[in-house]
Each structure stands twice: as C-alpha cells, then as structure tokens.
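Undergrad: What follows is entry-v7.cif, mmCIF, C-alpha atoms and all ligand atoms.
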```
data_structure
#
loop_
_atom_site.label_atom_id
_atom_site.label_comp_id
_atom_site.auth_asym_id
_atom_site.auth_seq_id
_atom_site.Cartn_x
_atom_site.Cartn_y
_atom_site.Cartn_z
CA MET A 1 27.54 -0.67 -55.81
CA ASN A 2 25.89 1.55 -58.39
CA PRO A 3 22.64 2.88 -56.92
CA LYS A 4 20.02 4.17 -59.31
CA ILE A 5 16.64 5.80 -59.12
CA HIS A 6 14.12 5.45 -61.95
CA ILE A 7 10.99 7.57 -62.03
CA ARG A 8 8.33 7.07 -64.72
CA HIS A 9 5.08 9.00 -65.11
CA LEU A 10 4.96 9.92 -61.43
CA ASN A 11 1.85 11.82 -60.28
CA LYS A 12 1.03 13.02 -56.81
CA SER A 13 -1.89 15.15 -55.62
CA TYR A 14 -3.01 16.57 -52.31
CA GLY A 15 -6.78 16.66 -52.75
CA THR A 16 -7.32 18.72 -55.88
CA LYS A 17 -3.79 20.19 -55.80
CA GLN A 18 -1.53 18.31 -58.22
CA ALA A 19 1.94 18.63 -56.68
CA LEU A 20 3.78 16.40 -59.20
CA GLN A 21 2.69 15.92 -62.83
CA ASP A 22 4.01 13.11 -64.99
CA ILE A 23 7.62 13.21 -63.73
CA ASN A 24 10.19 11.12 -65.64
CA LEU A 25 13.70 11.11 -64.24
CA ASP A 26 16.77 8.88 -63.82
CA ILE A 27 19.30 9.55 -61.09
CA GLU A 28 22.71 7.86 -60.72
CA THR A 29 25.62 7.95 -58.25
CA GLY A 30 26.86 11.46 -57.41
CA MET A 31 25.31 14.77 -56.41
CA PHE A 32 21.97 15.54 -58.00
CA GLY A 33 20.45 18.98 -57.55
CA LEU A 34 16.73 19.64 -57.45
CA LEU A 35 15.94 23.28 -58.12
CA GLY A 36 12.66 25.14 -58.06
CA ARG A 37 10.72 27.96 -56.49
CA ASN A 38 8.85 27.55 -53.21
CA GLY A 39 5.94 25.21 -53.84
CA ALA A 40 7.44 23.71 -57.02
CA GLY A 41 7.09 20.16 -55.69
CA LYS A 42 10.66 19.44 -54.49
CA THR A 43 9.72 18.25 -51.00
CA THR A 44 6.87 16.16 -52.39
CA LEU A 45 9.26 14.42 -54.80
CA MET A 46 11.85 13.81 -52.08
CA LYS A 47 9.30 12.52 -49.59
CA THR A 48 7.88 10.21 -52.25
CA LEU A 49 11.36 8.78 -52.90
CA ALA A 50 11.90 8.40 -49.15
CA THR A 51 8.52 6.54 -48.97
CA LEU A 52 7.08 9.15 -46.60
CA HIS A 53 4.39 10.06 -49.14
CA MET A 54 2.34 7.71 -51.30
CA LYS A 55 2.27 8.46 -55.02
CA ASN A 56 -1.04 8.47 -56.91
CA SER A 57 0.34 6.80 -60.03
CA GLY A 58 3.55 6.00 -61.90
CA ASP A 59 6.47 3.63 -61.43
CA VAL A 60 9.36 4.46 -59.14
CA THR A 61 12.26 2.22 -58.20
CA VAL A 62 15.03 3.10 -55.74
CA CYS A 63 18.12 0.86 -55.91
CA GLY A 64 16.07 -1.58 -57.95
CA ILE A 65 13.25 -1.76 -55.36
CA PRO A 66 9.73 -0.51 -56.20
CA ILE A 67 8.77 2.19 -53.70
CA GLU A 68 5.64 0.27 -52.75
CA LYS A 69 8.04 -1.93 -50.73
CA ALA A 70 8.56 0.90 -48.25
CA LYS A 71 10.40 -1.12 -45.61
CA GLU A 72 13.00 -2.36 -48.09
CA VAL A 73 13.42 1.03 -49.73
CA ARG A 74 13.99 2.70 -46.35
CA ARG A 75 16.95 0.42 -45.77
CA CYS A 76 18.74 2.01 -48.71
CA VAL A 77 17.56 5.62 -48.24
CA GLY A 78 18.59 8.25 -45.69
CA TYR A 79 16.51 11.43 -45.44
CA LEU A 80 17.22 14.80 -43.87
CA PRO A 81 14.03 16.88 -43.74
CA GLN A 82 13.96 20.68 -44.01
CA ASP A 83 13.00 21.00 -40.35
CA PHE A 84 15.16 18.32 -38.71
CA ALA A 85 15.00 18.51 -34.91
CA VAL A 86 15.21 16.23 -31.89
CA TYR A 87 14.28 16.85 -28.24
CA PRO A 88 16.09 20.07 -27.29
CA ASN A 89 17.72 18.57 -24.19
CA MET A 90 19.11 15.53 -25.98
CA THR A 91 22.86 15.43 -26.42
CA VAL A 92 24.45 14.93 -29.82
CA TYR A 93 25.48 11.36 -28.96
CA GLY A 94 22.15 10.68 -27.25
CA ALA A 95 20.20 11.82 -30.31
CA MET A 96 22.23 9.58 -32.61
CA ASP A 97 21.80 6.61 -30.29
CA TYR A 98 18.05 7.25 -29.91
CA LEU A 99 17.45 7.60 -33.66
CA GLY A 100 19.63 4.57 -34.39
CA THR A 101 17.60 2.53 -31.88
CA LEU A 102 14.34 3.69 -33.47
CA SER A 103 15.52 2.51 -36.87
CA GLY A 104 16.41 -0.89 -35.44
CA LEU A 105 20.23 -0.72 -35.47
CA PRO A 106 21.79 -3.18 -32.98
CA THR A 107 23.80 -1.76 -30.04
CA SER A 108 27.13 -3.06 -31.39
CA ILE A 109 26.65 -1.29 -34.75
CA ARG A 110 25.56 1.94 -33.04
CA ARG A 111 28.64 1.92 -30.78
CA GLU A 112 30.88 1.46 -33.75
CA ARG A 113 29.25 3.83 -36.23
CA ILE A 114 28.17 6.79 -34.08
CA PRO A 115 31.72 7.94 -33.14
CA GLN A 116 32.86 7.40 -36.76
CA LEU A 117 30.02 9.47 -38.14
CA LEU A 118 30.40 12.26 -35.58
CA ARG A 119 34.06 12.45 -36.62
CA GLN A 120 33.05 12.57 -40.30
CA VAL A 121 30.62 15.46 -39.78
CA ASN A 122 33.05 17.23 -37.47
CA LEU A 123 30.95 16.99 -34.30
CA GLU A 124 33.22 14.60 -32.44
CA ASP A 125 34.16 17.10 -29.72
CA ARG A 126 30.51 18.21 -29.35
CA HIS A 127 29.09 14.80 -28.55
CA ARG A 128 27.98 15.87 -25.06
CA MET A 129 26.45 19.15 -26.22
CA LYS A 130 22.66 19.54 -26.07
CA PHE A 131 20.77 19.85 -29.36
CA LYS A 132 19.33 23.23 -28.34
CA ALA A 133 22.86 24.64 -27.91
CA LEU A 134 24.05 23.70 -31.42
CA SER A 135 24.42 26.28 -34.21
CA GLY A 136 22.27 25.93 -37.35
CA GLY A 137 25.17 24.37 -39.23
CA MET A 138 25.90 21.88 -36.45
CA LYS A 139 22.23 20.84 -36.37
CA ARG A 140 22.32 20.21 -40.12
CA ARG A 141 25.53 18.18 -39.77
CA LEU A 142 23.97 16.13 -36.98
CA GLY A 143 20.98 15.65 -39.29
CA ILE A 144 23.28 14.24 -41.96
CA ALA A 145 25.01 11.95 -39.48
CA GLN A 146 21.67 10.47 -38.37
CA ALA A 147 20.50 10.13 -41.97
CA ILE A 148 23.52 7.98 -42.88
CA LEU A 149 23.64 5.92 -39.68
CA HIS A 150 22.46 2.84 -41.57
CA ASP A 151 24.92 3.56 -44.43
CA PRO A 152 22.27 4.11 -47.11
CA GLU A 153 23.03 4.09 -50.84
CA VAL A 154 20.82 7.13 -51.32
CA LEU A 155 20.88 10.28 -49.22
CA ILE A 156 18.09 12.82 -49.69
CA VAL A 157 18.59 16.29 -48.24
CA ASP A 158 15.86 18.93 -48.32
CA GLU A 159 17.06 22.57 -48.45
CA PRO A 160 20.07 21.99 -46.24
CA THR A 161 21.81 25.34 -46.44
CA ALA A 162 18.93 27.75 -45.76
CA GLY A 163 19.87 30.04 -42.88
CA LEU A 164 23.53 28.97 -42.69
CA ASP A 165 26.36 31.47 -42.69
CA PRO A 166 28.70 31.34 -45.73
CA GLU A 167 31.40 29.33 -43.94
CA GLU A 168 28.93 26.72 -42.69
CA ARG A 169 27.31 26.53 -46.12
CA ILE A 170 30.60 25.71 -47.80
CA ARG A 171 31.53 23.19 -45.12
CA PHE A 172 28.14 21.51 -45.46
CA ARG A 173 28.33 21.41 -49.26
CA ASN A 174 31.77 19.84 -49.07
CA LEU A 175 30.49 17.19 -46.69
CA LEU A 176 27.69 16.30 -49.12
CA SER A 177 30.18 16.12 -52.03
CA GLU A 178 32.34 13.69 -50.03
CA LEU A 179 29.31 11.54 -49.29
CA ALA A 180 28.33 11.55 -52.97
CA GLU A 181 31.53 9.77 -54.01
CA ASP A 182 29.91 6.37 -53.69
CA ARG A 183 26.20 7.05 -53.32
CA ILE A 184 23.38 9.15 -54.71
CA VAL A 185 22.97 12.45 -52.86
CA ILE A 186 19.87 14.41 -53.83
CA LEU A 187 19.95 18.00 -52.72
CA SER A 188 16.95 20.29 -53.05
CA THR A 189 17.27 24.02 -52.87
CA HIS A 190 16.09 27.30 -54.27
CA ILE A 191 19.62 28.70 -53.89
CA VAL A 192 21.03 28.31 -57.40
CA GLY A 193 24.61 28.89 -56.20
CA ASP A 194 24.53 25.75 -54.03
CA ILE A 195 23.74 23.64 -57.08
CA GLU A 196 26.35 25.32 -59.27
CA ALA A 197 29.08 24.61 -56.74
CA THR A 198 28.31 20.95 -56.16
CA CYS A 199 25.97 19.21 -58.58
CA GLU A 200 26.87 17.86 -61.94
CA ARG A 201 23.36 16.83 -62.87
CA ILE A 202 20.28 18.80 -61.99
CA ALA A 203 16.53 18.91 -62.46
CA VAL A 204 14.34 21.99 -62.36
CA LEU A 205 10.76 21.66 -61.14
CA ASP A 206 8.13 24.29 -61.73
CA GLN A 207 4.52 23.97 -60.56
CA GLY A 208 4.88 20.22 -60.28
CA GLN A 209 6.35 19.76 -63.74
CA LEU A 210 9.88 18.85 -64.72
CA LYS A 211 11.16 21.84 -66.65
CA TYR A 212 14.73 20.73 -67.20
CA THR A 213 17.00 17.80 -66.54
CA GLY A 214 20.62 17.54 -67.60
CA THR A 215 24.00 18.91 -66.57
CA ALA A 216 24.50 22.27 -64.91
CA GLN A 217 26.79 23.22 -67.83
CA GLU A 218 24.11 22.45 -70.44
CA LEU A 219 21.65 24.61 -68.55
CA THR A 220 24.17 27.45 -68.30
CA ALA A 221 24.88 27.20 -72.03
CA LYS A 222 21.20 27.96 -72.76
CA ALA A 223 21.83 31.55 -71.69
CA ALA A 224 24.85 32.03 -74.00
CA GLY A 225 24.51 35.25 -76.00
CA LYS A 226 21.63 36.47 -73.84
CA VAL A 227 23.45 38.05 -70.91
CA TYR A 228 24.70 41.64 -70.90
CA THR A 229 26.06 44.14 -68.41
CA VAL A 230 25.21 47.82 -68.74
CA ASN A 231 26.25 50.89 -66.74
CA MET A 232 23.48 53.37 -66.09
CA SER A 233 22.29 55.98 -63.62
CA LYS A 234 20.05 54.97 -60.71
CA GLN A 235 17.22 56.97 -62.28
CA GLU A 236 17.24 54.75 -65.39
CA LEU A 237 17.09 51.54 -63.38
CA GLU A 238 13.32 51.26 -62.86
CA ARG A 239 12.65 51.69 -66.58
CA VAL A 240 15.18 48.99 -67.43
CA LYS A 241 13.74 46.61 -64.82
CA ALA A 242 10.31 47.03 -66.38
CA VAL A 243 11.63 45.82 -69.74
CA TYR A 244 14.33 43.24 -68.93
CA THR A 245 15.03 40.58 -66.31
CA VAL A 246 17.80 41.94 -64.11
CA THR A 247 19.85 39.12 -62.55
CA ALA A 248 22.37 41.24 -60.62
CA MET A 249 23.18 44.86 -59.76
CA LEU A 250 26.23 46.63 -58.40
CA THR A 251 25.74 50.19 -57.16
CA LEU A 252 28.60 52.66 -56.96
CA GLY A 253 27.49 56.19 -56.04
CA ASN A 254 24.83 57.26 -58.53
CA GLU A 255 25.96 54.64 -61.08
CA VAL A 256 24.62 51.11 -61.31
CA THR A 257 26.12 48.18 -63.21
CA VAL A 258 23.21 46.00 -64.19
CA ARG A 259 23.36 42.40 -65.42
CA LEU A 260 20.35 41.62 -67.56
CA LEU A 261 18.87 39.07 -69.92
CA ALA A 262 18.03 40.07 -73.48
CA ASP A 263 17.67 38.32 -76.83
CA ARG A 264 19.80 40.94 -78.57
CA MET A 265 22.06 43.87 -77.67
CA PRO A 266 19.75 45.91 -75.41
CA TYR A 267 21.68 49.23 -75.39
CA PRO A 268 24.60 50.53 -77.47
CA ASN A 269 26.83 50.63 -74.38
CA ALA A 270 25.89 47.08 -73.22
CA VAL A 271 28.70 44.53 -72.94
CA PRO A 272 28.04 40.79 -73.59
CA ALA A 273 28.78 38.66 -70.49
CA GLU A 274 29.50 34.98 -69.82
CA PRO A 275 26.31 33.35 -68.53
CA THR A 276 26.07 31.77 -65.08
CA ILE A 277 23.67 29.03 -64.08
CA GLU A 278 21.66 31.69 -62.24
CA ASP A 279 21.18 33.65 -65.48
CA ALA A 280 20.08 30.46 -67.27
CA TYR A 281 17.70 29.54 -64.45
CA MET A 282 16.08 32.99 -64.51
CA LEU A 283 15.82 32.77 -68.29
CA MET A 284 14.14 29.37 -68.10
CA MET A 285 11.74 30.47 -65.39
CA GLY A 286 10.50 33.06 -67.87
CA GLY A 287 11.80 36.24 -66.31
CA HIS A 288 10.66 38.33 -69.25
CA SER A 289 8.61 37.46 -72.34
CA ASP A 290 11.33 38.86 -74.60
CA VAL A 291 13.51 35.92 -73.65
CA ARG A 292 10.97 33.32 -72.53
CA SER A 293 10.03 32.27 -76.04
CA SER A 294 13.62 31.60 -77.01
CA MET A 295 14.03 28.98 -74.27
CA ALA A 296 10.96 27.01 -75.20
N1 LIG B 301 0.09 18.26 -47.14
C1 LIG B 301 -0.27 19.06 -48.15
N2 LIG B 301 -1.56 19.34 -48.39
C2 LIG B 301 -1.94 20.13 -49.41
N3 LIG B 301 -1.09 20.72 -50.26
C3 LIG B 301 0.21 20.49 -50.07
C4 LIG B 301 0.69 19.65 -49.01
N4 LIG B 301 2.06 19.61 -49.09
C5 LIG B 301 2.38 20.37 -50.15
N5 LIG B 301 1.30 20.90 -50.74
C6 LIG B 301 1.28 21.77 -51.94
O1 LIG B 301 1.93 21.07 -52.99
C7 LIG B 301 2.76 21.94 -53.73
C8 LIG B 301 4.20 21.42 -53.70
O2 LIG B 301 4.70 21.57 -52.37
P1 LIG B 301 6.17 21.14 -51.96
O3 LIG B 301 6.29 21.35 -50.48
O4 LIG B 301 6.46 19.80 -52.50
O5 LIG B 301 7.05 22.22 -52.75
P2 LIG B 301 8.57 22.64 -52.54
O6 LIG B 301 9.12 22.84 -53.90
O7 LIG B 301 9.26 21.66 -51.66
O8 LIG B 301 8.44 24.02 -51.81
P3 LIG B 301 9.31 24.63 -50.59
O9 LIG B 301 10.61 25.02 -51.21
O10 LIG B 301 8.48 25.80 -50.17
O11 LIG B 301 9.41 23.56 -49.56
C9 LIG B 301 2.58 23.32 -53.14
O12 LIG B 301 1.61 24.00 -53.88
C10 LIG B 301 2.08 23.04 -51.74
O13 LIG B 301 1.27 24.10 -51.26
#
```
Represent the structure from my file as structure tokens, please.
Ligand SMILES: Nc1ncnc2c1ncn2[C@@H]1O[C@H](COP(=O)(O)OP(=O)(O)OP(=O)(O)O)[C@@H](O)[C@H]1O
TA:
Amino acid sequence: MNPKIHIRHLNKSYGTKQALQDINLDIETGMFGLLGRNGAGKTTLMKTLATLHMKNSGDVTVCGIPIEKAKEVRRCVGYLPQDFAVYPNMTVYGAMDYLGTLSGLPTSIRRERIPQLLRQVNLEDRHRMKFKALSGGMKRRLGIAQAILHDPEVLIVDEPTAGLDPEERIRFRNLLSELAEDRIVILSTHIVGDIEATCERIAVLDQGQLKYTGTAQELTAKAAGKVYTVNMSKQELERVKAVYTVTAMLTLGNEVTVRLLADRMPYPNAVPAEPTIEDAYMLMMGGHSDVRSSMA
C-alpha cells in the first residue's frame, strides 16, 4: 500500500472569495504538514480532499481515485475536523459505535475494531465516560479513533493541538506519527513547532496560494545567515522591532535578548544564530521588507 494524493491546478471560491488559487501538490505516505495563517485556505484544502467541499476546477486524485467519486474517496479518507464533537451525553464507546454505524460499518467489524482503537489512542479505560467529561486532549484522541475506524489510507487532521496542554500536545503528535508509518497523515496548523517536531514534508499556504512545498529542513535552510541574537536594554526594544522582525525575546531584568531576522549583521554586538523553522517561516511570510526580497 502506497497511498498518494495528486493535486493539479486546484481552484476553489466561496462566492467572490477565492480560497484556493491554482494549487499543485503531491503528497505521499508519512506526515505532511500544512502551515499558514488563519484564513490561508488550509481547512478549504483539507475539506476538498475529504470530499466535503466541491472544487471549482482542477484535477485531484486521492489514492488513485478522482475526488468527483466522493463515495469511493471517503472509503480511503478519515477526517478529524477542527471542531469535532458528538452529543455531550454519549459515552466514548457509544460515540464510536454510533459513528461507525453511520458510516456503514457492520456490527462484527465495530465490535472488533472499537476496543482496538480505544487502546491505541489510550482511551481504553475511559470507554464508559461521557463525551462532555473528557479533557480537550481526550476529545481529540477520540476524534482520531473515529476518523480511523474504517482503517483509511489517508488521515486528515485540522488543527489538532490548539488548546491542548504541552503534555497532551506531545502525546497527540506521537500518536499521529505512529499512524503515519503506513498511511498519509495531513496535519494542518498555525503552530510552527508542531510541524517541526513531526513532519518531514510541508506546504505553506498564504491567501489561498501555495508559498512553499518541500522538506522542513529545506525551509529552515532558507533562513541560514539571516538570524541573529542581540542583547539590548528594554528601552531599545521598540526601535529594533520597528526595523527588524523579532522572532523571540528573553527578558532578564532590564536586559532583553532578542532574536531577529536581518540580511546582514544588524548591530556590532549581534551574534549569528542557527535558524529554526519558525525563523524561516517568519522570513517567508515577509516579516520585514529588508528580508522579504531575499526569499523571493
Ligand atoms: N463558507 C465560506 N463562505 C465564505 N468564505 C469562506 C467560507 N469558508 C472559508 N471562507 C474564506 O476562505 C478563506 C480560507 O478559509 P479557510 O477556513 O480555508 O482558512 P484556514 O487556513 O483553514 O483558516 P483557519 O486557520 O482560521 O481555520 C478565508 O478567507 C475564509 O474567510
């Protein structure tokens, strides 16, 4: 099994608002990260792949099936929406059984798979708990379990870690990495750190356009030689922020250590730093004109 997604010249509009513009993308087995600001078009792209939205034009195939054949595509795609919820009084097991029934899974398969999946997402001992009593992380894990009930080759997960505490975030990311061993897992987020930790290949969307696709390392390398740290007083900070894109700050008393993006040594006391994917992302999103031109 080697699932693939091919996207060619994909366009999607809501009325006059063009949410996706001429997207070309190939996705293969493993974790694929979709990055972009709020409103960049991530959800639209994911819903189009999950056949929940109709495209306006372009060719898209999921596991070799054109997305016009929605029923067939849905058999090989699992989707966890941003706002996954079931009836608040449903139990964990009840929700899985209900959703499995809705998607047409026979009783024998449900009885076999539901306990297995609850074990896999670490909710086995919560199977009688009501949905409303679950923590945010547990709800997301239940969402994953329901999305893979029919053992899809593609799992699409929209902003899964928003609002989770650090421990739950890591646990959830690890679960997705495990699932990506033999399937495509597409993860959308605006938290750059989530992508850095888990995804080998990524795409960056901005205002409906594909701004970057490639490996996380290649993106990070684009910021090489353009990241510096500088110590300064708090009073100097505002002036520096007006000139450079500041990607991190550490305050100690009246002193601040600032991490910033610049085309050349910005201050005599600045120290060159190793770039992170977050630096490269900020650089690409055109933090400051001084550096924007050099990424074009
Ligand atoms: N049903 C809709 N009707 C009209 N415009 C929409 C609709 N859904 C999305 N849009 C617009 O399309 C653009 C892309 O939205 P989309 O939800 O795909 O972005 P996103 O990257 O997923 O953002 P977020 O991270 O906020 O979910 C935005 O400008 C949004 O306002």
Undergrad: Enumerate residues in contact with ligand LIG 301 (chain B): an atom-to-atom distance of at most 8 Å, counting only C-alpha atoms and all ligand atoms. Format the result as a PyMOL selection string.
TA: chain A and resi 13-15+17-20+36-45+82+158-159+188-190+205+207-208
Undergrad: Looking at all atoms listed in the file, which of A:Leu10, A:Ala203, A:Ala85, A:Leu260 is the one that sits closest to Met54 (chain A)?
TA: A:Leu10
Undergrad: Restricting the calculation to all atoms listed in the file: of A:Thr257, A:Tyr281, A:Pro81, A:Glu124, which residue gets closest to Gly143 (chain A)?
TA: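 For Gly143 (chain A), the nearest of the given residues is A:Pro81.
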Undergrad: Near region 174-184 of chain A, counting only C-alpha atoms, which residues have an atom at most 6 Å away, once you skip same-chain residues fewer than 4 positions from it, shown as a ChimeraX atom specification?
TA: /A:29-31,153-154
Undergrad: Between CA of Gly33 (chain A) and CA of Ala273 (chain A), what is the spacing in Å?
TA: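 Computing it gives 25.0 Å between the two atoms.
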Undergrad: Go through A:Lys130, A:Lys55, A:His150, A:Lys47 one by one, measure the shortest atom-to-atom distance of each to Ile114 (chain A) using all atoms listed in the file, and give the residue with the smallest value.
TA: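 Among the listed residues, A:His150 lies closest to Ile114 (chain A).
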Undergrad: Rank nothing, just name the residue among A:Leu105, A:Ile144, A:Ile277, A:Ala133 nearest to Val121 (chain A), using all atoms listed in the file.
TA: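 When distances to Val121 (chain A) are compared using all atoms listed in the file, the smallest one comes from A:Ile144.
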Undergrad: Excluding Leu134 (chain A) and residues on its chain fewer than 3 positions from it, collect all residues at most 12 Å away from it, counting all atoms listed in the file, and give them as a list in words.
TA: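 Counting only the stated atoms, we get Ala85, Val86, Pro88, Asn89, Met90, Thr91, Val92, Leu123, Arg126, His127, Arg128, Met129, Lys130, Phe131, Gly137, Met138, Lys139, Arg140, Arg141, Leu142 and Gly143 of chain A.
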Undergrad: Padding of 3 Å on every side, edges along x, y and z, all listed atoms of region 246-263 of chain A included: what centre and edge lengths in Å, to one decimal, does that box have, as AutoDock Vina command-line options?
TA:
```
--center_x 23.1 --center_y 47.8 --center_z -66.4 --size_x 16.9 --size_y 24.9 --size_z 26.8
```
Undergrad: Could you check how far CA of Lys12 (chain A) sits from CA of Leu210 (chain A), in Å to one decimal?
TA: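 That distance, rounded to one decimal, is 13.2 Å.
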Undergrad: In Å, how far is it from CA of Lys71 (chain A) to CA of Leu52 (chain A)?
TA: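 According to the coordinates, CA of Lys71 (chain A) and CA of Leu52 (chain A) are separated by 10.8 Å.
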Undergrad: Which is closer to Val256 (chain A) than all the others in A:Thr48, A:Gln235, A:Thr61, A:Ser135, using all atoms listed in the file?
TA: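 Using all atoms listed in the file, Val256 (chain A) sits closest to A:Gln235.
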Undergrad: Counting only C-alpha atoms, which of A:Pro268, A:Pro115, A:Gly214, A:Gly136 gets nearest to Glu200 (chain A)?
TA: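 Looking at the shortest contact to Glu200 (chain A), the residue is A:Gly214.
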Undergrad: List the neighbours of Arg111 (chain A) out to 12 Å using only C-alpha atoms; skip same-chain residues closer than 4 positions along the sequence, and give me the result as a PyMOL selection string.
TA: chain A and resi 93-94+96-98+100-101+105-107+115-118+149
Undergrad: Distance cut-off 7 Å, centre (8.5, 15.6, -65.7) in file coordinates, counting all atoms listed in the file: which residues qualify? Return them as number ranges by chain.
TA: A: 21-24, 209-211
Undergrad: Only C-alpha atoms, please: the residues just picked out, written as a PDB file, in the frame of the given file.
TA:
```pdb
ATOM      1  CA  GLN A  21       2.690  15.920 -62.830  1.00  0.00           C
ATOM      2  CA  ASP A  22       4.010  13.110 -64.990  1.00  0.00           C
ATOM      3  CA  ILE A  23       7.620  13.210 -63.730  1.00  0.00           C
ATOM      4  CA  ASN A  24      10.190  11.120 -65.640  1.00  0.00           C
ATOM      5  CA  GLN A 209       6.350  19.760 -63.740  1.00  0.00           C
ATOM      6  CA  LEU A 210       9.880  18.850 -64.720  1.00  0.00           C
ATOM      7  CA  LYS A 211      11.160  21.840 -66.650  1.00  0.00           C
TER       8      LYS A 211
END
```
Undergrad: Can you tell me, as JSON, numbers by chain, which residues sit within 12 Å of (25.1, 36.9, -75.5) in the file's frame, using all atoms listed in the file?
TA: {"A": [220, 221, 222, 223, 224, 225, 226, 227, 228, 229, 259, 260, 261, 262, 263, 264, 265, 266, 270, 271, 272, 273, 274, 275, 276, 279, 280, 291]}
Undergrad: Can you pull out the residues contacting Val258 (chain A)? Cut-off 7 Å, using all atoms listed in the file, and skip same-chain residues under 3 positions away; I want them as a ChimeraX atom specification.
TA: /A:229-231,246,248-250
Undergrad: Just region 206-217 of chain A, please, as an mmCIF file, in the first residue's frame (only N, CA and C atoms).
TA:
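Saved as selection-v8.cif:
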```
data_model
loop_
_atom_site.group_PDB
_atom_site.id
_atom_site.type_symbol
_atom_site.label_atom_id
_atom_site.label_comp_id
_atom_site.auth_asym_id
_atom_site.auth_seq_id
_atom_site.Cartn_x
_atom_site.Cartn_y
_atom_site.Cartn_z
ATOM 1 N N ASP A 206 -0.628 30.692 1.761
ATOM 2 C CA ASP A 206 -0.820 32.087 2.155
ATOM 3 C C ASP A 206 -1.839 32.706 1.206
ATOM 4 N N GLN A 207 -2.920 33.204 1.756
ATOM 5 C CA GLN A 207 -4.003 33.798 0.960
ATOM 6 C C GLN A 207 -4.394 32.926 -0.226
ATOM 7 N N GLY A 208 -4.538 31.647 0.043
ATOM 8 C CA GLY A 208 -5.015 30.717 -0.974
ATOM 9 C C GLY A 208 -3.962 30.234 -1.947
ATOM 10 N N GLN A 209 -2.728 30.734 -1.797
ATOM 11 C CA GLN A 209 -1.685 30.310 -2.732
ATOM 12 C C GLN A 209 -0.639 29.463 -2.015
ATOM 13 N N LEU A 210 -0.062 28.538 -2.778
ATOM 14 C CA LEU A 210 0.978 27.683 -2.208
ATOM 15 C C LEU A 210 2.290 28.457 -2.236
ATOM 16 N N LYS A 211 2.807 28.764 -1.048
ATOM 17 C CA LYS A 211 4.003 29.590 -0.990
ATOM 18 C C LYS A 211 5.267 28.748 -0.932
ATOM 19 N N TYR A 212 5.146 27.548 -0.410
ATOM 20 C CA TYR A 212 6.319 26.677 -0.300
ATOM 21 C C TYR A 212 5.860 25.238 -0.228
ATOM 22 N N THR A 213 6.600 24.352 -0.870
ATOM 23 C CA THR A 213 6.433 22.926 -0.580
ATOM 24 C C THR A 213 7.798 22.261 -0.665
ATOM 25 N N GLY A 214 8.076 21.395 0.276
ATOM 26 C CA GLY A 214 9.386 20.745 0.341
ATOM 27 C C GLY A 214 9.588 20.204 1.745
ATOM 28 N N THR A 215 10.851 19.950 2.103
ATOM 29 C CA THR A 215 11.087 19.413 3.444
ATOM 30 C C THR A 215 11.195 20.561 4.447
ATOM 31 N N ALA A 216 10.976 20.209 5.710
ATOM 32 C CA ALA A 216 11.100 21.196 6.774
ATOM 33 C C ALA A 216 12.553 21.710 6.834
ATOM 34 N N GLN A 217 13.510 20.796 6.580
ATOM 35 C CA GLN A 217 14.930 21.195 6.620
ATOM 36 C C GLN A 217 15.261 22.211 5.534
#
```
